[in-house]
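For reference, target_36.tsv (TSV, C-alpha atoms and all ligand atoms):
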chain	number	residue	atom	x	y	z
A	1	MET	CA	121.38	61.38	107.16
A	2	THR	CA	122.10	59.17	104.11
A	3	SER	CA	125.47	59.24	102.43
A	4	VAL	CA	126.05	58.31	98.77
A	5	ASP	CA	128.89	58.73	96.30
A	6	TYR	CA	126.78	60.39	93.61
A	7	ILE	CA	123.41	62.09	93.38
A	8	ILE	CA	122.26	61.83	89.76
A	9	VAL	CA	119.59	64.32	88.72
A	10	GLY	CA	117.40	62.92	85.96
A	11	GLN	CA	116.63	59.44	84.71
A	12	GLY	CA	116.38	59.84	80.97
A	13	ILE	CA	118.79	57.79	78.89
A	14	ALA	CA	121.70	59.92	80.21
A	15	GLY	CA	120.88	59.40	83.90
A	16	THR	CA	120.00	55.75	83.29
A	17	MET	CA	123.29	54.88	81.61
A	18	LEU	CA	125.43	56.95	83.99
A	19	SER	CA	123.80	55.57	87.14
A	20	TRP	CA	124.10	52.02	85.75
A	21	SER	CA	127.75	52.57	84.87
A	22	LEU	CA	128.58	54.04	88.31
A	23	TRP	CA	126.62	51.28	90.06
A	24	ARG	CA	128.61	48.66	88.12
A	25	ALA	CA	131.80	50.41	89.22
A	26	GLY	CA	130.72	49.82	92.83
A	27	LYS	CA	129.56	53.36	93.56
A	28	LYS	CA	126.57	54.21	95.70
A	29	VAL	CA	124.14	56.36	93.71
A	30	LEU	CA	120.88	58.12	94.40
A	31	VAL	CA	118.87	59.04	91.31
A	32	VAL	CA	116.39	61.90	91.71
A	33	ASP	CA	113.91	62.14	88.87
A	34	ASP	CA	110.63	64.00	88.59
A	35	ALA	CA	109.24	61.70	85.85
A	36	LYS	CA	108.38	64.44	83.38
A	37	SER	CA	106.04	62.66	81.01
A	38	ASN	CA	107.37	64.38	77.90
A	39	SER	CA	111.10	64.25	78.58
A	40	ALA	CA	113.15	63.67	75.42
A	41	SER	CA	113.86	60.05	76.37
A	42	ARG	CA	110.18	59.29	77.02
A	43	VAL	CA	109.11	60.67	73.61
A	44	ALA	CA	112.06	59.44	71.48
A	45	ALA	CA	111.86	56.43	69.19
A	46	GLY	CA	115.20	55.02	70.34
A	47	VAL	CA	116.58	54.59	66.83
A	48	ILE	CA	120.28	53.88	66.47
A	49	ASN	CA	121.29	54.96	62.98
A	50	PRO	CA	124.95	54.48	62.08
A	51	VAL	CA	124.90	57.02	59.26
A	52	SER	CA	124.22	60.72	59.41
A	53	GLY	CA	122.25	63.04	57.23
A	54	ARG	CA	121.63	63.00	53.53
A	55	ARG	CA	125.15	61.91	52.63
A	56	PHE	CA	124.93	58.61	54.49
A	57	GLU	CA	128.29	59.26	56.17
A	58	PRO	CA	129.19	57.22	59.23
A	59	ALA	CA	128.16	59.09	62.37
A	60	TRP	CA	130.77	60.58	64.73
A	61	MET	CA	132.88	57.89	66.50
A	62	TYR	CA	130.53	55.29	65.22
A	63	ASP	CA	132.97	52.40	65.07
A	64	THR	CA	133.59	52.76	68.80
A	65	ILE	CA	130.19	53.84	69.98
A	66	TYR	CA	127.95	51.34	68.19
A	67	PRO	CA	129.58	48.07	69.36
A	68	PHE	CA	129.91	49.55	72.84
A	69	ALA	CA	126.20	50.43	72.94
A	70	GLY	CA	125.30	46.93	71.73
A	71	ASP	CA	127.27	45.33	74.58
A	72	ALA	CA	125.89	47.68	77.22
A	73	TYR	CA	122.28	47.19	76.18
A	74	HIS	CA	122.73	43.41	76.11
A	75	GLN	CA	124.10	43.50	79.66
A	76	LEU	CA	121.14	45.59	80.76
A	77	SER	CA	118.79	43.12	79.06
A	78	GLU	CA	120.24	40.33	81.15
A	79	LEU	CA	120.16	42.28	84.38
A	80	LEU	CA	116.62	43.58	83.94
A	81	GLN	CA	115.20	40.60	82.03
A	82	ILE	CA	113.79	42.72	79.21
A	83	GLN	CA	114.70	43.08	75.56
A	84	VAL	CA	116.49	46.41	75.23
A	85	LEU	CA	118.18	46.40	71.81
A	86	THR	CA	116.69	45.10	68.57
A	87	GLU	CA	118.85	45.14	65.48
A	88	ARG	CA	116.80	46.30	62.51
A	89	ARG	CA	117.09	47.26	58.90
A	90	LEU	CA	116.43	50.91	58.17
A	91	TRP	CA	114.58	50.92	54.87
A	92	ASN	CA	115.64	54.32	53.50
A	93	VAL	CA	113.35	55.51	50.73
A	94	PHE	CA	115.17	57.96	48.44
A	95	PRO	CA	113.13	61.16	48.27
A	96	SER	CA	114.64	62.24	44.93
A	97	ARG	CA	116.77	61.13	41.98
A	98	GLN	CA	119.66	63.27	43.35
A	99	MET	CA	119.60	61.40	46.65
A	100	GLN	CA	119.59	58.09	44.84
A	101	GLU	CA	122.59	59.18	42.74
A	102	ALA	CA	124.44	60.53	45.77
A	103	PHE	CA	123.96	57.20	47.52
A	104	MET	CA	125.22	55.23	44.49
A	105	LYS	CA	128.35	57.40	44.29
A	106	LYS	CA	129.25	57.47	47.96
A	107	ALA	CA	127.53	54.97	50.16
A	108	ALA	CA	126.50	51.87	48.19
A	109	GLY	CA	128.46	49.00	49.72
A	110	GLY	CA	129.65	51.07	52.71
A	111	PRO	CA	130.10	49.35	56.07
A	112	TYR	CA	126.51	50.04	57.15
A	113	THR	CA	124.72	50.52	53.84
A	114	LEU	CA	123.60	48.31	50.98
A	115	LEU	CA	121.11	48.22	48.15
A	116	PRO	CA	118.18	45.84	48.49
A	117	GLU	CA	118.26	42.77	46.25
A	118	ARG	CA	114.65	43.47	45.33
A	119	MET	CA	112.21	46.27	46.03
A	120	GLU	CA	109.83	45.64	48.92
A	121	TYR	CA	106.72	47.42	50.22
A	122	GLU	CA	105.65	48.31	46.65
A	123	GLU	CA	101.94	48.18	47.55
A	124	ILE	CA	102.33	50.38	50.60
A	125	LEU	CA	105.14	52.90	50.11
A	126	ASP	CA	105.57	55.57	47.48
A	127	GLN	CA	109.19	54.98	46.40
A	128	PRO	CA	109.70	55.92	42.74
A	129	TYR	CA	113.46	56.46	43.25
A	130	GLY	CA	114.02	53.21	45.13
A	131	ALA	CA	115.48	52.61	48.55
A	132	ALA	CA	118.65	51.66	50.37
A	133	ILE	CA	119.14	49.57	53.48
A	134	VAL	CA	121.06	50.82	56.52
A	135	LYS	CA	121.98	48.42	59.33
A	136	GLY	CA	120.50	50.03	62.43
A	137	ALA	CA	118.76	49.17	65.67
A	138	THR	CA	116.24	50.41	68.19
A	139	VAL	CA	116.51	50.76	71.95
A	140	ASN	CA	113.27	50.01	73.73
A	141	LEU	CA	113.21	53.10	75.93
A	142	ARG	CA	109.63	52.35	76.96
A	143	ALA	CA	110.87	49.17	78.62
A	144	LEU	CA	114.37	50.22	79.69
A	145	LEU	CA	113.56	53.42	81.58
A	146	PRO	CA	110.83	51.94	83.84
A	147	ALA	CA	112.77	48.71	84.38
A	148	TRP	CA	115.93	50.54	85.49
A	149	ARG	CA	113.79	52.81	87.65
A	150	GLN	CA	112.23	49.79	89.33
A	151	PHE	CA	115.69	48.31	89.86
A	152	LEU	CA	116.92	51.53	91.48
A	153	ASN	CA	113.81	51.66	93.65
A	154	SER	CA	114.39	48.10	94.81
A	155	LYS	CA	117.89	49.14	95.98
A	156	GLY	CA	116.61	52.28	97.75
A	157	ALA	CA	118.48	54.34	95.12
A	158	LEU	CA	115.58	56.34	93.64
A	159	GLN	CA	113.83	59.49	94.79
A	160	GLU	CA	110.85	60.25	92.60
A	161	ALA	CA	110.80	64.00	93.12
A	162	HIS	CA	111.80	67.30	91.59
A	163	LEU	CA	115.25	68.37	92.79
A	164	ASN	CA	115.02	71.97	93.82
A	165	LEU	CA	118.30	73.74	93.04
A	166	GLY	CA	117.67	76.34	95.76
A	167	GLU	CA	117.83	73.61	98.41
A	168	LEU	CA	121.25	72.31	97.38
A	169	GLU	CA	124.20	73.01	99.65
A	170	VAL	CA	127.45	72.72	97.72
A	171	THR	CA	131.09	72.98	98.80
A	172	ALA	CA	134.16	72.11	96.72
A	173	ALA	CA	134.26	68.66	98.31
A	174	SER	CA	130.65	67.61	98.87
A	175	VAL	CA	126.98	68.23	98.31
A	176	ARG	CA	124.01	68.10	100.64
A	177	TYR	CA	120.40	67.83	99.57
A	178	GLY	CA	117.87	67.43	102.37
A	179	ASP	CA	119.07	64.51	104.43
A	180	VAL	CA	121.39	63.17	101.72
A	181	THR	CA	125.08	63.95	101.45
A	182	ALA	CA	127.16	63.03	98.41
A	183	GLN	CA	130.68	63.48	97.11
A	184	LYS	CA	129.23	64.79	93.87
A	185	ILE	CA	126.01	65.68	92.15
A	186	ILE	CA	125.80	65.05	88.39
A	187	PHE	CA	123.10	66.77	86.38
A	188	CYS	CA	121.56	64.51	83.72
A	189	ASP	CA	118.50	66.72	83.55
A	190	GLY	CA	118.22	67.24	79.80
A	191	VAL	CA	116.91	70.64	78.73
A	192	ALA	CA	116.31	71.65	82.36
A	193	THR	CA	120.07	72.31	82.59
A	194	ALA	CA	119.46	75.53	80.69
A	195	GLN	CA	118.10	76.95	83.99
A	196	ASN	CA	121.05	75.68	86.04
A	197	PRO	CA	123.31	78.59	87.10
A	198	TRP	CA	126.34	76.28	87.45
A	199	PHE	CA	126.24	75.65	83.73
A	200	ASP	CA	125.02	78.95	82.30
A	201	LYS	CA	128.19	79.21	80.17
A	202	LEU	CA	127.21	76.12	78.16
A	203	THR	CA	125.67	77.01	74.82
A	204	PHE	CA	122.56	74.88	74.41
A	205	LEU	CA	120.66	74.93	71.12
A	206	PRO	CA	117.66	72.91	72.25
A	207	ASN	CA	115.20	71.96	69.56
A	208	LYS	CA	111.69	70.68	69.78
A	209	GLY	CA	110.53	67.49	68.12
A	210	GLU	CA	106.97	66.32	67.59
A	211	VAL	CA	105.77	62.82	66.77
A	212	LEU	CA	102.59	60.98	65.91
A	213	TRP	CA	101.65	57.45	66.90
A	214	VAL	CA	99.88	55.98	63.90
A	215	ARG	CA	98.16	52.81	62.75
A	216	VAL	CA	98.88	51.67	59.20
A	217	PRO	CA	96.53	48.79	58.36
A	218	GLY	CA	98.35	46.19	56.27
A	219	LEU	CA	101.89	47.30	57.14
A	220	HIS	CA	103.48	44.44	59.04
A	221	THR	CA	107.23	44.92	59.41
A	222	GLU	CA	110.12	44.90	61.86
A	223	ASP	CA	112.01	47.44	59.69
A	224	ILE	CA	112.35	51.10	60.43
A	225	ILE	CA	111.08	52.96	57.36
A	226	LYS	CA	112.53	56.37	56.59
A	227	LYS	CA	111.83	59.07	54.03
A	228	SER	CA	111.24	62.66	55.20
A	229	ILE	CA	109.47	60.98	58.12
A	230	THR	CA	110.56	57.87	60.01
A	231	LEU	CA	108.22	55.03	60.94
A	232	VAL	CA	109.38	52.85	63.83
A	233	PRO	CA	107.40	49.66	64.51
A	234	TYR	CA	105.94	49.31	68.00
A	235	GLY	CA	103.26	46.66	67.61
A	236	PRO	CA	100.95	45.14	65.03
A	237	GLU	CA	100.34	47.92	62.50
A	238	LEU	CA	101.35	50.49	65.16
A	239	PHE	CA	104.18	52.94	64.47
A	240	TRP	CA	105.99	55.89	66.00
A	241	ALA	CA	106.09	58.49	63.21
A	242	GLY	CA	108.45	61.41	63.53
A	243	SER	CA	109.93	63.71	64.00
A	244	SER	CA	109.99	67.42	63.39
A	245	PHE	CA	112.82	69.85	64.24
A	246	VAL	CA	111.87	73.31	65.45
A	247	TRP	CA	114.32	75.78	67.02
A	248	ASP	CA	111.84	78.55	67.70
A	249	TYR	CA	108.99	77.41	69.92
A	250	ASP	CA	106.79	78.70	72.74
A	251	ASP	CA	106.50	75.57	74.87
A	252	ASP	CA	107.06	71.81	74.77
A	253	LEU	CA	103.50	70.85	73.83
A	254	PRO	CA	102.12	69.37	70.58
A	255	THR	CA	101.04	71.88	67.92
A	256	GLY	CA	98.62	71.84	64.99
A	257	ARG	CA	101.34	73.24	62.71
A	258	GLN	CA	103.72	70.31	63.30
A	259	ARG	CA	100.89	67.82	63.02
A	260	GLU	CA	100.36	69.16	59.49
A	261	VAL	CA	104.08	68.81	58.72
A	262	LEU	CA	104.15	65.23	60.02
A	263	GLU	CA	100.98	64.25	58.18
A	264	LYS	CA	102.40	65.69	54.96
A	265	GLY	CA	105.45	63.45	55.46
A	266	LEU	CA	103.18	60.45	55.99
A	267	GLN	CA	101.15	61.22	52.89
A	268	GLN	CA	104.34	61.48	50.82
A	269	LEU	CA	105.49	58.11	52.13
A	270	LEU	CA	102.34	55.97	52.31
A	271	LYS	CA	100.10	54.86	49.46
A	272	VAL	CA	97.58	53.47	51.96
A	273	PRO	CA	95.34	55.12	54.57
A	274	TYR	CA	96.53	55.49	58.16
A	275	SER	CA	95.00	56.78	61.38
A	276	VAL	CA	96.60	58.97	64.06
A	277	GLU	CA	96.30	57.66	67.62
A	278	TYR	CA	97.99	60.57	69.42
A	279	GLN	CA	100.65	63.27	69.17
A	280	LEU	CA	103.60	63.95	71.49
A	281	ALA	CA	106.29	66.61	71.74
A	282	ALA	CA	109.58	67.01	73.61
A	283	VAL	CA	112.72	69.12	73.49
A	284	ARG	CA	116.11	67.64	72.57
A	285	PRO	CA	119.03	68.74	74.76
A	286	SER	CA	121.46	69.70	71.98
A	287	GLY	CA	124.63	71.74	72.25
A	288	ASN	CA	125.78	74.29	69.68
A	289	ASP	CA	128.58	72.00	68.43
A	290	ARG	CA	126.49	68.80	68.51
A	291	ARG	CA	128.84	67.12	70.95
A	292	PRO	CA	127.98	65.84	74.43
A	293	MET	CA	128.62	68.15	77.39
A	294	ILE	CA	130.40	66.25	80.11
A	295	GLY	CA	132.54	67.14	83.09
A	296	LEU	CA	132.85	68.69	86.51
A	297	HIS	CA	132.46	72.39	87.13
A	298	PRO	CA	135.98	73.89	86.95
A	299	GLU	CA	135.56	75.86	90.19
A	300	MET	CA	133.12	73.63	92.03
A	301	PRO	CA	134.16	70.04	91.25
A	302	ALA	CA	131.44	68.54	93.41
A	303	VAL	CA	129.02	69.54	90.64
A	304	GLY	CA	129.05	67.77	87.30
A	305	ILE	CA	127.05	67.39	84.14
A	306	PHE	CA	126.31	64.62	81.63
A	307	ASN	CA	124.21	66.15	78.91
A	308	GLY	CA	124.06	67.46	75.34
A	309	LEU	CA	123.25	64.07	73.78
A	310	GLY	CA	121.18	65.86	71.13
A	311	THR	CA	119.58	63.63	68.51
A	312	LYS	CA	121.70	60.58	69.35
A	313	GLY	CA	121.11	59.84	73.02
A	314	CYS	CA	120.72	56.09	72.54
A	315	SER	CA	123.94	55.74	70.53
A	316	LEU	CA	126.09	58.04	72.65
A	317	ALA	CA	124.93	57.47	76.23
A	318	PRO	CA	126.45	54.00	76.88
A	319	PHE	CA	129.99	54.85	75.73
A	320	MET	CA	129.98	58.35	77.18
A	321	ALA	CA	128.66	57.13	80.54
A	322	ALA	CA	131.43	54.52	80.74
A	323	HIS	CA	134.01	57.13	79.72
A	324	PHE	CA	132.80	59.60	82.38
A	325	THR	CA	132.83	56.82	84.99
A	326	GLU	CA	136.51	56.18	84.20
A	327	VAL	CA	137.25	59.90	84.37
A	328	LEU	CA	135.49	60.22	87.74
A	329	ALA	CA	137.53	57.30	89.04
A	330	GLY	CA	140.71	59.12	87.98
A	331	ASN	CA	141.60	56.49	85.38
A	332	ALA	CA	141.20	58.63	82.25
A	333	LEU	CA	141.12	62.18	80.98
A	334	LEU	CA	137.96	63.51	79.38
A	335	MET	CA	137.95	63.57	75.60
A	336	PRO	CA	138.38	67.27	74.70
A	337	GLU	CA	135.46	67.14	72.23
A	338	VAL	CA	132.99	66.43	75.04
A	339	ASP	CA	134.70	68.25	77.91
A	340	ILE	CA	132.65	71.19	79.21
A	341	ASN	CA	135.90	73.06	79.72
A	342	ARG	CA	135.52	74.11	76.08
A	343	TYR	CA	132.74	76.45	77.28
A	344	PHE	CA	134.84	77.83	80.14
A	345	ASN	CA	137.74	78.67	77.80
A	346	ILE	CA	139.91	76.12	79.54
A	347	SER	CA	141.67	73.57	77.38
A	348	GLY	CA	140.69	70.01	78.27
A	349	GLY	CA	142.93	67.21	79.51
A	401	LIG	C1	110.93	63.66	69.10
A	401	LIG	C2	112.26	63.12	69.46
A	401	LIG	C3	112.75	61.99	68.84
A	401	LIG	C4	113.99	61.47	69.17
A	401	LIG	N1	114.39	60.30	68.60
A	401	LIG	C5	115.59	59.76	68.96
A	401	LIG	C6	115.99	58.50	68.45
A	401	LIG	O1	115.27	57.86	67.69
A	401	LIG	N2	117.21	58.01	68.83
A	401	LIG	C7	118.03	58.68	69.70
A	401	LIG	O2	119.12	58.19	70.03
A	401	LIG	N3	117.66	59.88	70.21
A	401	LIG	C8	116.47	60.42	69.86
A	401	LIG	N4	116.08	61.62	70.36
A	401	LIG	C9	117.03	62.33	71.22
A	401	LIG	C10	116.99	61.73	72.61
A	401	LIG	O3	115.68	61.74	73.04
A	401	LIG	C11	117.89	62.54	73.56
A	401	LIG	O4	119.22	62.52	73.09
A	401	LIG	C12	117.89	61.92	74.93
A	401	LIG	O5	116.61	61.50	75.30
A	401	LIG	C13	118.41	62.89	75.97
A	401	LIG	O6	118.35	62.21	77.19
A	401	LIG	P1	118.63	62.93	78.55
A	401	LIG	O7	118.61	61.86	79.58
A	401	LIG	O8	119.84	63.79	78.43
A	401	LIG	O9	117.42	63.95	78.77
A	401	LIG	P2	115.89	63.65	79.11
A	401	LIG	O10	115.40	62.48	78.43
A	401	LIG	O11	115.16	64.95	78.87
A	401	LIG	O12	115.88	63.34	80.66
A	401	LIG	C14	116.00	64.31	81.65
A	401	LIG	C15	115.34	63.76	82.90
A	401	LIG	O13	115.62	64.66	83.97
A	401	LIG	C16	114.45	64.84	84.74
A	401	LIG	N5	114.64	66.12	85.42
A	401	LIG	C17	114.95	67.32	84.87
A	401	LIG	N6	115.11	68.26	85.84
A	401	LIG	C18	114.92	67.63	87.03
A	401	LIG	C19	114.94	68.04	88.39
A	401	LIG	N7	115.26	69.30	88.76
A	401	LIG	N8	114.67	67.14	89.35
A	401	LIG	C20	114.38	65.85	89.04
A	401	LIG	N9	114.35	65.40	87.75
A	401	LIG	C21	114.61	66.28	86.78
A	401	LIG	C22	113.31	64.75	83.75
A	401	LIG	O14	112.11	64.36	84.35
A	401	LIG	C23	113.83	63.66	82.81
A	401	LIG	O15	113.43	62.39	83.26
A	401	LIG	C24	114.81	62.14	70.09
A	401	LIG	C25	114.34	63.27	70.73
A	401	LIG	C26	113.07	63.75	70.43
A	401	LIG	C27	112.55	64.97	71.15

What's the structure tokens form of this structure?
Amino acid sequence: MTSVDYIIVGQGIAGTMLSWSLWRAGKKVLVVDDAKSNSASRVAAGVINPVSGRRFEPAWMYDTIYPFAGDAYHQLSELLQIQVLTERRLWNVFPSRQMQEAFMKKAAGGPYTLLPERMEYEEILDQPYGAAIVKGATVNLRALLPAWRQFLNSKGALQEAHLNLGELEVTAASVRYGDVTAQKIIFCDGVATAQNPWFDKLTFLPNKGEVLWVRVPGLHTEDIIKKSITLVPYGPELFWAGSSFVWDYDDDLPTGRQREVLEKGLQQLLKVPYSVEYQLAAVRPSGNDRRPMIGLHPEMPAVGIFNGLGTKGCSLAPFMAAHFTEVLAGNALLMPEVDINRYFNISGG
């Protein structure tokens, strides 16, 4: 029989950051992950964008979350000897005159936004209304997730398997799964939580996103380029191009319909030919109020959840994982906005 402090189910960005944070706090963790090839974290681009939506307003809690994420990813870079975070310009192409005017009125000269001194990419991008620059970053999920997994494996803290809920034995004070006992089990299982009876009161609004990996001959840049579609550089002339948002879908596989939508976005952005290498799809674990879902089950406190990171997993996960670690240690109260008690009609705190 093995005994750990926490079993963490899932090693997307949520399970990665929570297990790292708990490990740093001196806790013994076991991460169980079934390596679903199209989990949200394995399909995502890893963009950190400090502004939201068409109005270029600073994203929720951004002043706290962004510097925190920067620090956390730098520490992980040192530990794992990989580059995790790359600060990048987001070259935002205005899709219309109205958007350009809205930016001039509200966002020009904001903390994260500026106008370019001169237009760039004129030969390659269709940008009749100009562009703005947002100070963003990318998280290299394709390096971080396997490197953290390898680290866990080297410490005997990884089980590459599907955790079967039916085999869990839970009491108020502990959990047993096979030959492992733990004080708590924390579900970081993304959209799979929708099937978890402990958390059936949580209102998920999962949405599916599809992406293309494309080659754009002649486009050499370290910038993220954004119009109705976002291009994220991944190698010489190679880009992640996405993504779509669909709330009504049959499965989590790529579709011809969304390929058309994505290609239309590419054709509206690029003046030059491109070629599609492959197409991927995944489902984002979003909640109905777009806030993370964090906490312990009110009646069964050995069972917890760290989920609902929605479209901003890379920005939110580092701060929220550290916050939850403090809460689990009894040093802090959960922020009410993220506390799952809001779904159990219990006020947080
Ligand atoms: C197309 C697309 C583009 C995106 N782009 C960005 C972006 O640029 N920037 C950004 O910040 N966010 C982006 N997101 C959102 C981001 O991907 C999510 O916020 C984030 O990945 C959620 O991470 P997670 O760890 O909660 O879930 P997931 O990544 O889904 O991880 C869940 C993990 O749990 C495992 N699992 C589930 N059930 C079990 C079980 N029973 N037993 C064992 N293992 C299990 C799965 O294998 C998986 O590894 C994007 C999402 C999509 C779909």

Please report, as JSON, the centre and edge lengths in Å to one decimal of an axis-aligned box covering all listed atoms of ligand LIG 401 (chain A) with 8 Å per side.
{"center_x": 115.4, "center_y": 63.6, "center_z": 78.5, "size_x": 24.9, "size_y": 27.4, "size_z": 37.7}

Compare A:Gly265, A:Gly218, A:Pro146, A:Gly190 by their minimum atom-to-atom distance to ligand LIG 401 (chain A), counting only C-alpha atoms and all ligand atoms, and give me the closest one.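 The shortest atom-to-atom distance to ligand LIG 401 (chain A) comes from A:Gly190.
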
Taking 3 positions as the minimum chain separation for residues in the same chain, which residues sit within 8 Å of A:Tyr249 when counting all atoms listed in the file? Answer as a ChimeraX atom specification. /A:208,246,252

Which of these residues is nearest to ligand LIG 401 (chain A), using all atoms listed in the file: A:Gln258, A:Ser315, A:Asn288, A:Gln183? A:Ser315

Protein and nucleic acid residues within 7 Å of ligand LIG 401 (chain A) (all atoms listed in the file) as a ChimeraX atom specification: /A:9-15,32-36,39-48,161-165,188-192,208-211,242-244,281-285,307-315

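For the pair atom CA of A:Ser77 and atom CA of A:Asn153, the separation is 17.6 Å.
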
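Counting only C-alpha atoms, the residue from A:Thr255, A:Ser37, A:Gln268, A:Asn140 that sits nearest to A:Gln83 is A:Asn140.
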
Just the number, please: distance in Å from atom CA of A:Leu125 to atom CA of A:Pro236, one decimal.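 Separation between atom CA of A:Leu125 and atom CA of A:Pro236: 17.3 Å.
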
Would you work out the distance separating atom CA of A:Leu168 from atom CA of A:Phe324, expressed in Å to one decimal? 22.8 Å

May I ask which of the residues A:Leu328, A:Val93, A:Leu114, A:Leu280 is the closest one to A:Ser228, counting only C-alpha atoms?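 Of A:Leu328, A:Val93, A:Leu114, A:Leu280, the one nearest A:Ser228, counting only C-alpha atoms, is A:Val93.
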
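In terms of minimum interatomic distance to A:Val170, A:His297 ranks closest within A:Glu57, A:His297, A:Leu212, A:His74, counting only C-alpha atoms.
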
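Residues in contact with A:Ala332 at 8 Å, where all atoms listed in the file are counted and same-chain residues fewer than 5 positions away are skipped, are listed as His323, Glu326 and Val327 of chain A.
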
Selected residues, C-alpha atoms, written as a short mmCIF file (atom, residue, chain, number, x, y, z; two decimals), in the coordinates of the input, please.
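Full text of again.cif as output:
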data_model
loop_
_atom_site.label_atom_id
_atom_site.label_comp_id
_atom_site.auth_asym_id
_atom_site.auth_seq_id
_atom_site.Cartn_x
_atom_site.Cartn_y
_atom_site.Cartn_z
CA HIS A 323 134.01 57.13 79.72
CA GLU A 326 136.51 56.18 84.20
CA VAL A 327 137.25 59.90 84.37
#

Using all atoms listed in the file, determine which residues lie at most 12 Å from A:Arg291, disregarding the query and same-chain residues fewer than 6 positions distant; provide the list as a list in words. Ala59, Trp60, Met61, Leu202, Thr203, Phe204, Leu205, Pro285, Phe306, Asn307, Gly308, Leu309, Gly310, Thr311, Lys312, Gly313, Leu316, Ala317, Met320, Met335, Pro336, Glu337, Val338, Asp339, Ile340, Arg342 and Tyr343 of chain A

For a cutoff of 9 Å around the file-coordinate point (116.3, 47.5, 85.0), which residues qualify once you count all atoms listed in the file? I'd like the result as a ChimeraX atom specification. /A:76-77,79-82,143-152

My list of candidates is A:Asn38, A:Asn341, A:Thr325, A:Asn331. Which is closest to A:Leu18 when distances are computed with all atoms listed in the file? A:Thr325

Just add N, CA, C and O atoms to stretch 34-45 of chain A and send it as a PDB file, in the coordinates of the input.
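Dumped to result-v4.pdb:
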ATOM      1  N   ASP A  34     112.006  63.541  88.371  1.00  0.00           N
ATOM      2  CA  ASP A  34     110.630  64.000  88.590  1.00  0.00           C
ATOM      3  C   ASP A  34     109.657  63.430  87.557  1.00  0.00           C
ATOM      4  O   ASP A  34     108.505  63.871  87.476  1.00  0.00           O
ATOM      5  N   ALA A  35     110.126  62.467  86.748  1.00  0.00           N
ATOM      6  CA  ALA A  35     109.240  61.700  85.850  1.00  0.00           C
ATOM      7  C   ALA A  35     108.432  62.583  84.908  1.00  0.00           C
ATOM      8  O   ALA A  35     107.246  62.347  84.677  1.00  0.00           O
ATOM      9  N   LYS A  36     109.079  63.577  84.354  1.00  0.00           N
ATOM     10  CA  LYS A  36     108.380  64.440  83.380  1.00  0.00           C
ATOM     11  C   LYS A  36     107.880  63.575  82.227  1.00  0.00           C
ATOM     12  O   LYS A  36     108.665  62.860  81.591  1.00  0.00           O
ATOM     13  N   SER A  37     106.593  63.643  81.954  1.00  0.00           N
ATOM     14  CA  SER A  37     106.040  62.660  81.010  1.00  0.00           C
ATOM     15  C   SER A  37     106.541  62.901  79.590  1.00  0.00           C
ATOM     16  O   SER A  37     106.636  61.973  78.799  1.00  0.00           O
ATOM     17  N   ASN A  38     106.860  64.153  79.252  1.00  0.00           N
ATOM     18  CA  ASN A  38     107.370  64.380  77.900  1.00  0.00           C
ATOM     19  C   ASN A  38     108.845  64.795  77.915  1.00  0.00           C
ATOM     20  O   ASN A  38     109.250  65.714  77.218  1.00  0.00           O
ATOM     21  N   SER A  39     109.646  64.070  78.702  1.00  0.00           N
ATOM     22  CA  SER A  39     111.100  64.250  78.580  1.00  0.00           C
ATOM     23  C   SER A  39     111.518  63.706  77.207  1.00  0.00           C
ATOM     24  O   SER A  39     110.793  62.900  76.608  1.00  0.00           O
ATOM     25  N   ALA A  40     112.693  64.122  76.748  1.00  0.00           N
ATOM     26  CA  ALA A  40     113.150  63.670  75.420  1.00  0.00           C
ATOM     27  C   ALA A  40     113.192  62.145  75.359  1.00  0.00           C
ATOM     28  O   ALA A  40     112.730  61.533  74.395  1.00  0.00           O
ATOM     29  N   SER A  41     113.706  61.517  76.414  1.00  0.00           N
ATOM     30  CA  SER A  41     113.860  60.050  76.370  1.00  0.00           C
ATOM     31  C   SER A  41     112.503  59.332  76.385  1.00  0.00           C
ATOM     32  O   SER A  41     112.407  58.202  75.916  1.00  0.00           O
ATOM     33  N   ARG A  42     111.486  59.956  76.964  1.00  0.00           N
ATOM     34  CA  ARG A  42     110.180  59.290  77.020  1.00  0.00           C
ATOM     35  C   ARG A  42     109.403  59.474  75.710  1.00  0.00           C
ATOM     36  O   ARG A  42     108.445  58.754  75.456  1.00  0.00           O
ATOM     37  N   VAL A  43     109.814  60.428  74.890  1.00  0.00           N
ATOM     38  CA  VAL A  43     109.110  60.670  73.610  1.00  0.00           C
ATOM     39  C   VAL A  43     109.882  60.075  72.430  1.00  0.00           C
ATOM     40  O   VAL A  43     109.296  59.729  71.400  1.00  0.00           O
ATOM     41  N   ALA A  44     111.210  59.882  72.600  1.00  0.00           N
ATOM     42  CA  ALA A  44     112.060  59.440  71.480  1.00  0.00           C
ATOM     43  C   ALA A  44     111.695  58.044  70.997  1.00  0.00           C
ATOM     44  O   ALA A  44     111.128  57.238  71.740  1.00  0.00           O
ATOM     45  N   ALA A  45     112.109  57.757  69.753  1.00  0.00           N
ATOM     46  CA  ALA A  45     111.860  56.430  69.190  1.00  0.00           C
ATOM     47  C   ALA A  45     112.929  55.434  69.600  1.00  0.00           C
ATOM     48  O   ALA A  45     112.717  54.234  69.546  1.00  0.00           O
TER      49      ALA A  45
END
